[in-house]
file protein-v4.cif (mmCIF, C-alpha atoms)
data_entry
#
loop_
_atom_site.label_atom_id
_atom_site.label_comp_id
_atom_site.auth_asym_id
_atom_site.auth_seq_id
_atom_site.Cartn_x
_atom_site.Cartn_y
_atom_site.Cartn_z
CA MET A 10 -4.04 -12.22 10.40
CA GLN A 11 -1.41 -12.70 13.09
CA ASN A 12 -2.04 -11.99 16.75
CA LEU A 13 -1.00 -8.37 17.18
CA PRO A 14 -0.61 -6.11 20.22
CA LEU A 15 -3.17 -3.44 20.92
CA LEU A 16 -2.69 -0.40 18.67
CA PRO A 17 -0.20 -2.18 16.39
CA VAL A 18 2.05 0.05 14.28
CA MET A 19 2.81 -0.66 10.64
CA GLY A 20 3.67 1.07 7.41
CA ILE A 21 1.50 0.86 4.33
CA GLY A 22 4.16 -1.03 2.41
CA SER A 23 6.69 1.01 0.48
CA ALA A 24 9.89 2.39 1.99
CA ALA A 25 11.76 5.51 0.93
CA THR A 26 14.53 4.65 -1.51
CA PRO A 27 18.11 5.05 -0.22
CA GLY A 28 20.31 7.36 -2.28
CA TRP A 29 22.66 4.57 -3.31
CA LEU A 30 19.73 2.58 -4.74
CA HIS A 31 18.75 5.54 -6.94
CA LEU A 32 22.29 5.54 -8.33
CA PHE A 33 22.23 1.77 -8.73
CA ARG A 34 18.99 1.94 -10.73
CA GLU A 35 20.56 4.53 -13.04
CA ARG A 36 23.49 2.21 -13.68
CA SER A 37 21.10 -0.67 -14.20
CA ARG A 38 19.15 1.27 -16.86
CA ALA A 39 22.48 1.98 -18.56
CA GLY A 40 23.16 -1.76 -18.75
CA ALA A 41 26.06 -1.63 -16.30
CA VAL A 42 24.85 -4.31 -13.85
CA GLY A 43 23.95 -7.97 -14.11
CA PRO A 44 21.19 -10.10 -12.57
CA VAL A 45 23.40 -11.16 -9.64
CA ASP A 46 24.15 -7.49 -8.93
CA LEU A 47 20.43 -6.71 -9.02
CA GLU A 48 19.56 -9.47 -6.56
CA GLU A 49 22.33 -8.39 -4.19
CA ALA A 50 21.21 -4.76 -4.28
CA PHE A 51 17.55 -5.57 -3.72
CA ALA A 52 18.44 -7.93 -0.86
CA ASP A 53 20.58 -5.25 0.81
CA ALA A 54 17.83 -2.65 0.35
CA THR A 55 15.26 -5.01 1.86
CA ARG A 56 17.46 -5.64 4.90
CA LEU A 57 17.78 -1.89 5.36
CA ALA A 58 14.01 -1.35 5.08
CA ILE A 59 13.38 -4.06 7.68
CA ALA A 60 15.94 -2.56 10.07
CA ASP A 61 14.40 0.91 9.70
CA GLN A 62 10.96 -0.41 10.64
CA ILE A 63 12.24 -2.34 13.64
CA GLU A 64 14.19 0.70 14.88
CA ALA A 65 11.06 2.85 14.55
CA GLY A 66 9.05 0.41 16.68
CA PHE A 67 6.81 -1.07 14.00
CA ASP A 68 4.95 -4.22 15.01
CA VAL A 69 4.24 -5.50 11.49
CA ILE A 70 7.10 -5.55 9.01
CA ALA A 71 6.98 -5.20 5.21
CA ASP A 72 9.82 -5.57 2.72
CA GLY A 73 9.66 -1.93 1.61
CA GLU A 74 8.88 -2.84 -2.01
CA LEU A 75 12.34 -1.65 -3.03
CA ALA A 76 12.61 -4.31 -5.73
CA ARG A 77 9.80 -2.43 -7.52
CA LEU A 78 9.67 1.04 -9.06
CA ARG A 79 6.90 2.58 -6.98
CA PHE A 80 4.22 0.24 -5.74
CA VAL A 81 2.58 -0.44 -9.11
CA TYR A 82 4.44 1.03 -12.10
CA GLU A 83 7.05 -1.69 -12.48
CA MET A 84 4.41 -4.35 -11.86
CA TYR A 85 3.12 -3.76 -15.39
CA ASP A 86 6.37 -5.30 -16.67
CA ARG A 87 5.10 -8.59 -15.23
CA LEU A 88 2.02 -8.54 -17.47
CA THR A 89 1.88 -9.61 -21.11
CA GLY A 90 -0.38 -8.15 -23.78
CA LEU A 91 0.27 -4.47 -23.00
CA GLU A 92 1.10 -1.82 -25.59
CA ARG A 93 2.70 1.25 -24.06
CA VAL A 94 1.04 4.61 -24.79
CA PRO A 95 3.57 7.49 -24.88
CA PRO A 96 2.70 10.37 -22.53
CA ALA A 97 1.26 13.44 -24.24
CA ARG A 98 3.25 15.66 -21.86
CA ARG A 99 6.93 14.97 -21.31
CA LEU A 100 8.19 18.33 -20.01
CA GLY A 101 7.92 19.92 -16.61
CA VAL A 102 6.89 18.61 -13.24
CA PRO A 103 6.07 14.93 -12.69
CA GLY A 104 2.41 14.00 -12.50
CA TYR A 105 -0.22 11.38 -13.18
CA ASP A 106 -0.30 12.33 -16.87
CA ARG A 107 3.32 11.18 -17.17
CA ALA A 108 2.78 7.84 -15.44
CA PRO A 109 3.06 4.63 -17.47
CA ARG A 110 -0.03 4.10 -19.59
CA PHE A 111 -1.03 1.20 -21.81
CA ARG A 112 -3.65 -0.15 -24.17
CA ALA A 113 -4.65 -3.79 -24.26
CA GLU A 114 -7.49 -6.20 -24.95
CA ARG A 115 -6.04 -9.27 -23.26
CA VAL A 116 -3.52 -9.43 -20.43
CA ALA A 117 -1.91 -12.26 -18.52
CA ALA A 118 0.81 -12.87 -15.94
CA PRO A 119 2.26 -16.20 -17.07
CA HIS A 120 4.95 -16.10 -14.39
CA GLY A 121 2.86 -14.44 -11.71
CA LEU A 122 3.52 -11.00 -10.26
CA GLY A 123 6.65 -11.93 -8.33
CA LEU A 124 5.21 -11.34 -4.87
CA VAL A 125 5.85 -14.86 -3.61
CA ALA A 126 9.60 -14.43 -4.14
CA GLU A 127 9.42 -11.06 -2.35
CA TYR A 128 7.57 -12.68 0.54
CA HIS A 129 10.10 -15.52 0.83
CA ARG A 130 12.94 -12.99 0.95
CA LEU A 131 11.13 -10.98 3.64
CA ARG A 132 10.49 -14.10 5.73
CA GLU A 133 14.13 -15.17 5.39
CA PHE A 134 15.40 -11.78 6.55
CA CYS A 135 12.78 -11.28 9.28
CA PRO A 136 11.67 -14.72 10.51
CA ASP A 137 10.51 -13.83 14.02
CA ARG A 138 8.07 -10.92 13.55
CA PRO A 139 4.59 -10.45 12.07
CA LEU A 140 4.91 -9.75 8.35
CA LYS A 141 2.78 -8.18 5.66
CA VAL A 142 2.99 -8.16 1.88
CA ALA A 143 1.17 -5.62 -0.28
CA LEU A 144 0.28 -5.63 -3.95
CA PRO A 145 -1.82 -3.46 -6.28
CA GLY A 146 -5.45 -4.42 -6.63
CA PRO A 147 -7.24 -4.89 -9.96
CA LEU A 148 -8.87 -1.44 -9.91
CA THR A 149 -5.50 0.25 -9.59
CA PHE A 150 -4.00 -1.90 -12.34
CA ALA A 151 -6.96 -1.06 -14.59
CA GLY A 152 -6.60 2.67 -14.05
CA ASN A 153 -3.62 2.84 -16.43
CA ILE A 154 -4.93 0.46 -19.11
CA ASP A 155 -7.15 1.69 -21.95
CA THR A 156 -9.33 -1.01 -23.46
CA ALA A 157 -12.39 -1.50 -25.64
CA GLN A 158 -13.54 -4.33 -23.34
CA PRO A 159 -13.54 -2.94 -19.80
CA ALA A 160 -15.55 -5.72 -18.17
CA ALA A 161 -13.33 -8.40 -19.69
CA MET A 162 -10.21 -6.46 -18.70
CA LEU A 163 -11.40 -6.21 -15.10
CA ASP A 164 -12.14 -9.94 -15.12
CA MET A 165 -8.61 -10.71 -16.29
CA LEU A 166 -6.93 -8.37 -13.82
CA THR A 167 -9.03 -9.70 -10.95
CA GLU A 168 -8.05 -13.25 -11.87
CA ILE A 169 -4.35 -12.29 -12.04
CA VAL A 170 -4.40 -10.64 -8.61
CA ALA A 171 -6.48 -13.46 -7.12
CA ALA A 172 -3.98 -16.02 -8.40
CA GLU A 173 -1.10 -14.10 -6.82
CA VAL A 174 -2.94 -13.78 -3.51
CA THR A 175 -3.72 -17.50 -3.57
CA ALA A 176 -0.03 -18.25 -4.10
CA LEU A 177 0.93 -15.93 -1.24
CA LEU A 178 -1.53 -17.58 1.11
CA ALA A 179 -0.20 -21.00 0.12
CA ALA A 180 3.33 -19.75 0.84
CA GLY A 181 2.27 -18.92 4.39
CA ALA A 182 1.50 -15.20 4.22
CA THR A 183 -0.88 -14.22 7.01
CA PHE A 184 -1.29 -10.51 6.16
CA VAL A 185 -1.85 -9.74 2.48
CA GLN A 186 -2.83 -6.20 1.55
CA LEU A 187 -4.51 -4.96 -1.63
CA ASP A 188 -3.46 -1.39 -2.42
CA GLU A 189 -6.46 0.28 -4.01
CA PRO A 190 -6.16 4.02 -4.62
CA GLY A 191 -8.12 3.01 -7.72
CA LEU A 192 -11.20 2.71 -5.51
CA THR A 193 -11.19 6.52 -5.13
CA HIS A 194 -11.12 7.11 -8.91
CA LEU A 195 -12.87 4.13 -10.42
CA PRO A 196 -11.83 2.91 -13.87
CA TYR A 197 -14.18 2.43 -16.81
CA GLY A 198 -17.13 4.13 -15.10
CA LEU A 199 -17.46 1.28 -12.61
CA GLU A 200 -20.03 1.76 -9.86
CA PRO A 201 -18.72 1.69 -6.25
CA THR A 202 -20.74 -1.36 -5.24
CA ASP A 203 -19.55 -3.25 -8.33
CA ALA A 204 -15.98 -2.25 -7.49
CA ALA A 205 -16.41 -3.65 -3.98
CA GLU A 206 -17.60 -6.97 -5.37
CA ARG A 207 -14.55 -7.11 -7.63
CA LEU A 208 -12.35 -6.77 -4.56
CA ASN A 209 -14.46 -9.22 -2.56
CA ALA A 210 -13.78 -11.85 -5.20
CA ILE A 211 -10.20 -11.65 -3.91
CA THR A 212 -10.64 -10.88 -0.21
CA ARG A 213 -13.10 -13.74 0.24
CA LEU A 214 -10.25 -16.14 -0.53
CA ALA A 215 -9.26 -15.55 3.12
CA PRO A 216 -11.11 -12.56 4.61
CA GLU A 217 -9.33 -12.94 7.95
CA ARG A 218 -5.92 -12.55 6.26
CA ILE A 219 -6.50 -9.95 3.55
CA ALA A 220 -6.60 -6.17 4.09
CA VAL A 221 -7.42 -3.27 1.75
CA HIS A 222 -5.59 0.06 1.67
CA VAL A 223 -7.48 3.06 0.30
CA CYS A 224 -5.89 6.46 -0.25
CA PHE A 225 -6.45 9.26 -2.75
CA GLY A 226 -3.20 8.93 -4.69
CA ASN A 227 0.37 9.88 -3.85
CA ASN A 228 2.26 10.60 -7.07
CA ALA A 229 4.94 13.13 -6.13
CA SER A 230 2.94 13.71 -2.92
CA ARG A 231 -0.14 14.79 -4.86
CA PRO A 232 -3.61 13.23 -4.59
CA TYR A 233 -5.48 12.15 -7.70
CA ALA A 234 -9.09 12.07 -6.61
CA PRO A 235 -11.49 14.13 -4.47
CA ARG A 236 -10.44 13.42 -0.89
CA ASP A 237 -13.64 12.38 0.86
CA PHE A 238 -14.65 8.97 2.13
CA ALA A 239 -18.38 9.69 2.32
CA ARG A 240 -18.80 9.09 -1.42
CA LEU A 241 -16.90 5.79 -1.04
CA MET A 242 -19.00 4.42 1.81
CA PRO A 243 -21.25 2.29 -0.46
CA ALA A 244 -18.10 0.41 -1.47
CA LEU A 245 -16.27 0.46 1.87
CA ARG A 246 -19.31 -0.92 3.72
CA ARG A 247 -19.42 -3.91 1.39
CA LEU A 248 -15.79 -4.99 1.63
CA ASP A 249 -15.17 -8.32 3.35
CA CYS A 250 -11.64 -7.94 4.65
CA ALA A 251 -9.60 -8.17 7.83
CA MET A 252 -8.58 -4.51 7.88
CA LEU A 253 -9.14 -1.21 6.09
CA LEU A 254 -6.10 1.09 5.97
CA LEU A 255 -7.32 4.65 5.41
CA GLU A 256 -5.80 8.10 4.85
CA PHE A 257 -6.66 10.73 7.47
CA THR A 258 -3.81 13.04 8.47
CA ASN A 259 -3.36 14.82 5.14
CA ARG A 260 -7.11 15.42 5.26
CA GLU A 261 -6.88 17.12 8.70
CA MET A 262 -8.41 14.01 10.31
CA ALA A 263 -11.72 14.67 8.55
CA GLU A 264 -14.59 12.16 8.53
CA LEU A 265 -13.57 10.20 11.61
CA GLU A 266 -17.29 10.04 12.35
CA LEU A 267 -17.61 7.52 9.51
CA LEU A 268 -15.37 5.01 11.25
CA PRO A 269 -17.75 3.39 13.79
CA ASP A 270 -19.85 2.02 10.94
CA LEU A 271 -16.77 0.50 9.28
CA ALA A 272 -15.14 -0.65 12.53
CA ALA A 273 -18.20 -2.74 13.30
CA ARG A 274 -17.30 -4.85 10.25
CA THR A 275 -13.51 -4.80 10.15
CA ARG A 276 -10.40 -3.52 11.89
CA ILE A 277 -9.28 -0.01 11.00
CA ALA A 278 -5.72 1.16 10.41
CA ALA A 279 -5.81 4.94 10.56
CA GLY A 280 -3.23 7.12 8.87
CA VAL A 281 -1.81 9.29 11.67
CA VAL A 282 1.33 10.46 9.84
CA ASP A 283 1.22 12.68 6.73
CA VAL A 284 3.54 11.41 3.98
CA LYS A 285 2.54 14.24 1.61
CA SER A 286 4.07 16.94 3.83
CA PHE A 287 7.68 17.77 4.68
CA HIS A 288 6.59 18.77 8.18
CA VAL A 289 7.90 16.24 10.69
CA GLU A 290 5.31 15.40 13.32
CA SER A 291 6.32 15.15 16.95
CA PRO A 292 5.37 12.04 18.93
CA GLN A 293 2.89 14.27 20.75
CA ASP A 294 1.29 15.28 17.44
CA VAL A 295 0.86 11.63 16.54
CA ALA A 296 -0.50 10.77 19.99
CA MET A 297 -3.09 13.53 19.72
CA ARG A 298 -4.28 12.14 16.39
CA ILE A 299 -4.47 8.63 17.82
CA HIS A 300 -6.66 9.87 20.65
CA ARG A 301 -8.97 11.53 18.13
CA VAL A 302 -9.36 8.23 16.30
CA LEU A 303 -9.89 6.35 19.57
CA ALA A 304 -12.93 8.54 20.20
CA HIS A 305 -14.54 6.66 17.29
CA VAL A 306 -12.82 3.25 17.17
CA PRO A 307 -12.14 0.93 20.14
CA ALA A 308 -8.46 0.23 20.78
CA ALA A 309 -9.06 -3.45 20.09
CA ARG A 310 -10.19 -2.58 16.55
CA LEU A 311 -7.53 0.03 15.74
CA ALA A 312 -4.10 -0.15 14.12
CA LEU A 313 -1.81 2.79 13.40
CA THR A 314 -0.11 3.60 10.12
CA ALA A 315 0.84 6.39 7.73
CA ASP A 316 -1.52 7.85 5.16
CA CYS A 317 0.32 6.08 2.35
CA GLY A 318 3.67 4.49 1.58
CA PHE A 319 6.95 6.31 2.14
CA SER A 320 8.31 5.95 -1.41
CA ALA A 321 7.42 9.50 -2.52
CA ILE A 322 9.54 11.28 0.11
CA PRO A 323 13.28 11.38 0.89
CA ARG A 324 14.58 8.65 3.16
CA GLY A 325 15.68 11.00 5.96
CA LEU A 326 12.22 12.52 6.13
CA ALA A 327 10.62 9.08 6.03
CA LEU A 328 12.76 7.86 8.91
CA ALA A 329 11.81 10.86 11.04
CA LYS A 330 8.12 10.28 10.38
CA MET A 331 8.42 6.55 11.07
CA ARG A 332 10.08 7.24 14.41
CA ALA A 333 7.38 9.76 15.30
CA LEU A 334 4.72 7.17 14.47
CA GLY A 335 6.31 4.53 16.68
CA ALA A 336 6.97 6.97 19.53
CA GLY A 337 3.46 8.43 19.38
CA ALA A 338 1.96 4.97 19.62
CA ARG A 339 4.13 4.18 22.65
CA LEU A 340 2.95 7.38 24.34
CA VAL A 341 -0.70 6.42 23.91
CA ARG A 342 -0.13 2.85 25.06
CA ARG A 343 1.48 4.14 28.25
CA GLU A 344 -1.33 6.63 28.82
CA LEU A 345 -3.89 3.84 28.43
CA GLY A 346 -1.89 1.39 30.53
CA LEU A 347 -1.50 -1.03 27.63
#

call {"tool": "encode", "arguments": {"input": "protein-v4.cif", "output": "structure tokens"}}
result
Amino acid sequence: MQNLPLLPVMGIGSAATPGWLHLFRERSRAGAVGPVDLEEAFADATRLAIADQIEAGFDVIADGELARLRFVYEMYDRLTGLERVPPARRLGVPGYDRAPRFRAERVAAPHGLGLVAEYHRLREFCPDRPLKVALPGPLTFAGNIDTAQPAAMLDMLTEIVAAEVTALLAAGATFVQLDEPGLTHLPYGLEPTDAAERLNAITRLAPERIAVHVCFGNNASRPYAPRDFARLMPALRRLDCAMLLLEFTNREMAELELLPDLAARTRIAAGVVDVKSFHVESPQDVAMRIHRVLAHVPAARLALTADCGFSAIPRGLALAKMRALGAGARLVRRELGL
């Protein structure tokens, strides 16, 4: 992982979608745009996401994942062997029961997951700053795939993600993040320690360059799983990774007392901005949360982030929260003389 300043600020990965990109996607689904139009739109959206992060004072820059539909859903299009399962509920509010679901016995990604191309575009547009690239982990992929052979399916998904991470590392990526809300609601009855070893099969490819993000779900700003880390500690303690990015603000900063144990093994990126609330934090709110985390984690082991990605909230709200995150971090750095 790159050399970073003390208390580095970063997003989780996804950016809020600009209004024009929503309209563009509608036209794309209607067959009104071509592949050149798609590439131009995604490139423009990526430039905008980068500029938003720089303006907010982020130290590590991601591409915003705007070439994907949410952080994982569109990624299934890059897998073969899936049969789509229609949702049993189609009416009413969005929710996890209306998310894409599949059945399969064998899956593959013959052309990869597309992250290397996303990373090259990010590096081209932002060549002089620390960069990160995030992708769903195998547990999260598995959560939407029904199968009669769960162990074999997990093997295949782990191999697919490991191959993509290997390609990213070979392309020069120094901060690769596995997004694993699936760790909070394990697929196929998997035990937490077994889940950790699945992830370690990937993180041990380069444990100093690979991070793991764990939150409790963020579909339409709703969690999916019980929101406590204590039950996850058998898995979290076993992870060999450069950083754990964890959700705290939406949980009223609960369970900070668990962090010293984890911080002894890896760096911690604490969520100090709530992306599941329309309330806009002030920089002082963010600074207060940072100080609460610093009571448990040394500054040299702490990074600052949001609870989850920004894709589930409107762009104006996301920008306000990003600016509060950057400004709150600057307040604390000044107070500490950093």

call {"tool": "resolve_selection", "arguments": {"input": "protein-v4.cif", "expression": "the PyMOL selection byres ((chain A and resi 199-202) around 12)", "output": "ChimeraX atom specification"}}
result
/A:148,151-152,159-160,163,191-198,203-209,238-248

call {"tool": "resolve_selection", "arguments": {"input": "protein-v4.cif", "expression": "the PyMOL selection byres ((chain A and resi 113) around 8)", "output": "PyMOL selection string"}}
result
chain A and resi 90-92+111-112+114-116+154-156

call {"tool": "residues_around", "arguments": {"input": "protein-v4.cif", "residues": "A:Gly123", "least_positions_apart": "3", "cutoff": "9 Å", "atoms": "all atoms listed in the file", "output": "MDAnalysis selection string"}}
result
chainID A and resid 84 87 120 126:128 173

call {"tool": "atom_distance", "arguments": {"input": "protein-v4.cif", "atom1": "atom CA of A:Arg218", "atom2": "atom CA of A:Phe184"}}
result
5.1 Å

call {"tool": "atom_distance", "arguments": {"input": "protein-v4.cif", "atom1": "atom CA of A:Glu35", "atom2": "atom CA of A:Leu122"}}
result
23.2 Å

call {"tool": "closest_residue", "arguments": {"input": "protein-v4.cif", "among": "A:Glu74, A:Asp106, A:Glu64, A:Asp46", "to": "A:Ser320", "atoms": "only C-alpha atoms"}}
result
A:Glu74

call {"tool": "residues_around", "arguments": {"input": "protein-v4.cif", "residues": "A:Val282", "least_positions_apart": "3", "cutoff": "8 Å", "atoms": "only C-alpha atoms", "output": "ChimeraX atom specification"}}
result
/A:258-259,290,295,314-316,330,334

call {"tool": "residues_near_point", "arguments": {"input": "protein-v4.cif", "point": "(-1.4, 8.8, -1.4)", "cutoff": "12 Å", "atoms": "only C-alpha atoms", "output": "PyMOL selection string"}}
result
chain A and resi 21-23+79-80+188-191+193+222-236+254-260+280+282-286+315-322
